[in-house]
Amino acid sequence: MNSLTRRRFLAASGVTATVAAGAALGWFELIDRARTDPLPTDAHVLVMLTLYGGNDGLGTVIPAADPAYQRARPDLAYAEEEVLPLGEGLGLNPGMTGLKKLWDDRHLAIVRGVSYPQPDHSHFRSMAIWQTASPTDPLPTGWLGRWLDASGSGPLLAVSIGPVLPPMLAGATTAGAALPVSGLALPQGALGRAFTALGQRASGEPAPQAAAAAAVTDLHRAVAAFASAVNSPTNTAHPARQGGGALAAQLDIVARCIEIGAPSRVYCVSLGGFDTHADERATQQRLLTQLDSAVAAFLDRMATTDRGRKVVLTAYSEFGRRVAANASQGTDHGTSGPVLIAGHPVTGGFYGDQPSLTDLDDGDLKTTTDFRDTYATLLAKVLNTDPARILGPGRSVAIYL
């Protein structure tokens with residue numbers, strides 16, 4: 001079974017070349033801007049978490065009390081006593097104890113039944129729709145890329161943690177920055193000593209050589225000043241929870257950038273592997289436990305600083321899964337699913353109607369919330385932008401922020 005990852009999605013969608021310009025910046029630029037133009041402590045920060053592969057919403061926010069759920073998935077269904085109760089007959093997956101605490105603290109919003117008109121069951125088409133916010137006409141720009149265009153700012157305003165830039169950060173005139181998880185490091189040993197020597201100016205040298213030497217010296221100063229924030233293990237005051245894996249590493253970089261005052265208003269991270277056509281229960285619970293460990297630790301850490309308390313994390317996937325289980329103890333590509341929005345500024349609770357498990361559209365859940373309304377809320381309440389400039393007119397702004 002091939003799982004969908006960000007790299008595979010980008011390769012199949014042919015967008016890598018389009019956004020390559022955004023991937024040219026590195027940690028030095030980000031750290032330098034943190035020093036010269038730090039993010040104001042009262043500015044909100046948006047973290048977009050993409051779950052590649054089509055996360056099963058019915059295995060995430062589980063209608064365990066609904067007999068129709070039990071009938072549709074006799075071997076996959078969770079019993080009522082297994083889930084983490086949320087109310088209204090729903091419960092979180094057993095692996096999501098950290099998010100359950102956020103729910104209890106009223107800092108987790110669950111937006112239900114989220115999709116778009118006439119949903120597409122293709123991974124690549126549906127993910128392209130979510131990232132461009134254009135369900136009908138293909139667009140060459142992402143919704144946050146258009147926000148970058150409208151802001152008139154540079155690429156460091158939006159940063160993807162990883163080697164390639166997701167389409168959502170590609171604008172017509174501006175693209176975000178893709179930065180590696182490996183962080184900031186200078187050569188060591190003999191190569192490091194040679195690199196250090198490049199920064200030593202010589203009397204009478206031409207101006208271009210002097211400028212190059214000064215740049216090397218500045219880089220070493222930046223590393224000395226900021227490398228501990230960017231490269232060090234997670235601060236011992238905020239120990240990472242076990243099991244966070246690659247997502248925890250990405251969110252650790254985001255946390256460090258926010259803590260040093262990097263100027264970015266948007267960060268993109270991802271977790272793949274949710275294409276659960278077989279053995280879904282064990283696979284999805286493992287992935288959701290990893291997600292929970294990473295996100296809960298990140299938001300716990302963020303809650304301790306002024307900038308961190310302005311962070312809003314949004315987790316979404318390209319579609320949910322079919323209501324009925326298949327013959328391989330999994331589920332096939334579906335339509336709507338929940339979007340999770342968490343952080344200190346969030347007013348927790350349920351938003352949007354829970355889709356019926358008996359009133360279906362050819363075996364799929366019906367959409368009760370248009371995903372563009374979720375984006376409109378994030379644009380208006382987190383990024384202080386008129387949603388109509390980015391998404392067009394007619395979108396609704398919700399009250400969870």
# chains A, B, ... in the order shown; residues from 1 in each chain; ligands from 1
>>> closest_atom_pairs(of="segment 30-108 of chain A", to="segment 130-135 of chain A", cutoff="12 Å", atoms="only C-alpha atoms", output="tab-separated table")
residue	atom	partner	partner_atom	distance
A:Met48	CA	A:Gln131	CA	10.7
A:Leu49	CA	A:Gln131	CA	11.7
A:Thr50	CA	A:Gln131	CA	9.6
A:Leu51	CA	A:Trp130	CA	11.6
A:Tyr52	CA	A:Trp130	CA	11.5
A:Gly54	CA	A:Trp130	CA	11.9
>>> write_last_selection(atoms="C-alpha atoms", output="short mmCIF file (atom, residue, chain, number, x, y, z; two decimals), in the first residue's frame")
data_model
loop_
_atom_site.label_atom_id
_atom_site.label_comp_id
_atom_site.auth_asym_id
_atom_site.auth_seq_id
_atom_site.Cartn_x
_atom_site.Cartn_y
_atom_site.Cartn_z
CA MET A 48 -0.88 24.58 9.29
CA LEU A 49 -0.55 20.82 9.82
CA THR A 50 -1.30 18.77 6.70
CA LEU A 51 -2.23 15.10 7.20
CA TYR A 52 -1.38 13.47 3.88
CA GLY A 54 -6.87 11.14 3.76
#
>>> closest_atom_pairs(of="segment 110-181 of chain A", to="segment 27-38 of chain A", cutoff="10 Å", atoms="only C-alpha atoms", output="CSV")
residue,atom,partner,partner_atom,distance
A:Pro155,CA,A:Leu30,CA,9.9
A:Leu156,CA,A:Leu30,CA,6.7
A:Leu157,CA,A:Leu30,CA,9.6
A:Val159,CA,A:Leu30,CA,9.5
A:Ala177,CA,A:Leu30,CA,9.4
A:Ala178,CA,A:Trp27,CA,9.8
A:Leu179,CA,A:Trp27,CA,6.9
A:Pro180,CA,A:Trp27,CA,8.4
>>> write_last_selection(atoms="C-alpha atoms", output="PDB file, in the first residue's frame")
ATOM      1  CA  PRO A 155       9.127  34.933   1.685  1.00  0.00           C
ATOM      2  CA  LEU A 156      10.091  34.678   5.342  1.00  0.00           C
ATOM      3  CA  LEU A 157       6.572  35.712   6.304  1.00  0.00           C
ATOM      4  CA  VAL A 159       7.877  29.133   6.243  1.00  0.00           C
ATOM      5  CA  ALA A 177      10.496  29.771   2.333  1.00  0.00           C
ATOM      6  CA  ALA A 178      11.222  26.057   2.710  1.00  0.00           C
ATOM      7  CA  LEU A 179      13.718  25.445   5.507  1.00  0.00           C
ATOM      8  CA  PRO A 180      15.319  22.126   6.451  1.00  0.00           C
TER       9      PRO A 180
END
>>> residues_around(residues="segment 83-98 of chain A", least_positions_apart="3", cutoff="9 Å", atoms="only C-alpha atoms", output="PyMOL selection string")
chain A and resi 59-66+78-80+101-104+285-293+295-297+349
>>> write_last_selection(atoms="C-alpha atoms", output="PDB file, in the first residue's frame")
ATOM      1  CA  GLY A  59     -11.705   7.202  13.511  1.00  0.00           C
ATOM      2  CA  THR A  60     -10.553  10.570  14.864  1.00  0.00           C
ATOM      3  CA  VAL A  61     -13.734  12.149  16.234  1.00  0.00           C
ATOM      4  CA  ILE A  62     -15.643   8.922  16.780  1.00  0.00           C
ATOM      5  CA  PRO A  63     -19.461   8.612  16.885  1.00  0.00           C
ATOM      6  CA  ALA A  64     -19.157   5.552  19.084  1.00  0.00           C
ATOM      7  CA  ALA A  65     -22.674   5.936  20.497  1.00  0.00           C
ATOM      8  CA  ASP A  66     -24.286   5.830  17.037  1.00  0.00           C
ATOM      9  CA  TYR A  78     -14.472   1.580  18.753  1.00  0.00           C
ATOM     10  CA  ALA A  79     -16.780   0.859  21.656  1.00  0.00           C
ATOM     11  CA  GLU A  80     -18.113   3.782  23.671  1.00  0.00           C
ATOM     12  CA  LYS A 101      -6.831  17.822  27.755  1.00  0.00           C
ATOM     13  CA  LEU A 102      -6.890  20.781  25.361  1.00  0.00           C
ATOM     14  CA  TRP A 103     -10.585  20.054  24.781  1.00  0.00           C
ATOM     15  CA  ASP A 104     -11.239  19.974  28.519  1.00  0.00           C
ATOM     16  CA  GLN A 285      -4.205   5.007  16.102  1.00  0.00           C
ATOM     17  CA  ARG A 286      -0.405   4.864  15.868  1.00  0.00           C
ATOM     18  CA  LEU A 287      -0.352   7.959  13.632  1.00  0.00           C
ATOM     19  CA  LEU A 288      -2.863   9.852  15.763  1.00  0.00           C
ATOM     20  CA  THR A 289      -0.858   9.041  18.887  1.00  0.00           C
ATOM     21  CA  GLN A 290       2.219  10.457  17.162  1.00  0.00           C
ATOM     22  CA  LEU A 291       0.243  13.549  16.136  1.00  0.00           C
ATOM     23  CA  ASP A 292      -1.149  13.963  19.635  1.00  0.00           C
ATOM     24  CA  SER A 293       2.243  13.652  21.327  1.00  0.00           C
ATOM     25  CA  VAL A 295       1.009  18.741  18.985  1.00  0.00           C
ATOM     26  CA  ALA A 296       0.262  18.592  22.715  1.00  0.00           C
ATOM     27  CA  ALA A 297       3.934  19.040  23.626  1.00  0.00           C
ATOM     28  CA  GLY A 349     -16.048  23.230  21.324  1.00  0.00           C
TER      29      GLY A 349
END
>>> closest_residue(among="A:Thr368, A:Asn384, A:Thr305, A:Ser153", to="Thr335 of chain A", atoms="only C-alpha atoms")
A:Thr368
>>> closest_residue(among="A:Gly352, A:Gly343, A:Gly176, A:Gly152", to="Thr367 of chain A", atoms="only C-alpha atoms")
A:Gly352
>>> atom_distance(atom1="atom CA of Val181 of chain A", atom2="atom CA of Ile161 of chain A")
6.1 Å
>>> residues_around(residues="Ala376 of chain A", least_positions_apart="2", cutoff="9 Å", atoms="only C-alpha atoms", output="MDAnalysis selection string")
chainID A and resid 371:374 378:381 385:388 390:391 395:398
>>> write_last_selection(atoms="N, CA and C atoms", output="compact mmCIF listing (two decimals), in the first residue's frame")
# COMPACT_ATOMS: atom_id res chain seq x y z
N PHE A 371 -14.81 24.19 3.59
CA PHE A 371 -13.47 24.42 4.12
C PHE A 371 -13.00 25.85 3.93
N ARG A 372 -13.55 26.54 2.92
CA ARG A 372 -13.15 27.93 2.70
C ARG A 372 -13.64 28.85 3.82
N ASP A 373 -14.72 28.47 4.50
CA ASP A 373 -15.15 29.25 5.66
C ASP A 373 -14.17 29.10 6.82
N THR A 374 -13.58 27.90 6.95
CA THR A 374 -12.51 27.72 7.94
C THR A 374 -11.32 28.59 7.61
N LEU A 378 -9.49 31.82 9.70
CA LEU A 378 -8.06 31.93 9.98
C LEU A 378 -7.48 33.22 9.40
N LEU A 379 -7.89 33.57 8.19
CA LEU A 379 -7.40 34.82 7.57
C LEU A 379 -7.84 36.03 8.37
N ALA A 380 -9.11 36.05 8.76
CA ALA A 380 -9.65 37.23 9.44
C ALA A 380 -9.15 37.35 10.87
N LYS A 381 -9.14 36.23 11.61
CA LYS A 381 -8.88 36.30 13.05
C LYS A 381 -7.41 36.08 13.43
N THR A 385 -6.56 39.68 7.91
CA THR A 385 -6.69 39.95 6.48
C THR A 385 -8.15 39.78 6.06
N ASP A 386 -8.63 40.62 5.16
CA ASP A 386 -9.98 40.48 4.62
C ASP A 386 -10.04 39.20 3.79
N PRO A 387 -10.82 38.20 4.20
CA PRO A 387 -10.85 36.93 3.46
C PRO A 387 -11.26 37.08 2.00
N ALA A 388 -12.08 38.07 1.69
CA ALA A 388 -12.55 38.23 0.31
C ALA A 388 -11.39 38.51 -0.64
N ILE A 390 -8.60 37.09 -0.64
CA ILE A 390 -7.88 35.85 -0.89
C ILE A 390 -8.79 34.77 -1.45
N LEU A 391 -10.02 34.70 -0.93
CA LEU A 391 -10.93 33.60 -1.24
C LEU A 391 -12.10 34.02 -2.12
N ARG A 395 -17.79 34.29 1.91
CA ARG A 395 -17.35 33.34 2.92
C ARG A 395 -17.76 33.80 4.32
N SER A 396 -17.99 32.84 5.22
CA SER A 396 -18.41 33.12 6.59
C SER A 396 -17.23 33.00 7.54
N VAL A 397 -17.22 33.86 8.55
CA VAL A 397 -16.19 33.83 9.59
C VAL A 397 -16.81 33.26 10.86
N ALA A 398 -16.24 32.20 11.40
CA ALA A 398 -16.80 31.50 12.56
C ALA A 398 -16.35 32.17 13.85
>>> residues_around(residues="Ile258 of chain A", least_positions_apart="4", cutoff="9 Å", atoms="only C-alpha atoms", output="VMD selection string")
chain A and resid 39 45 253 to 254 262 to 264 302 307 to 308
>>> closest_residue(among="A:Ala249, A:Ala327, A:Val114, A:Leu340", to="Lys366 of chain A", atoms="only C-alpha atoms")
A:Val114
>>> atom_distance(atom1="atom CA of Pro338 of chain A", atom2="atom CA of Ala255 of chain A")
25.0 Å
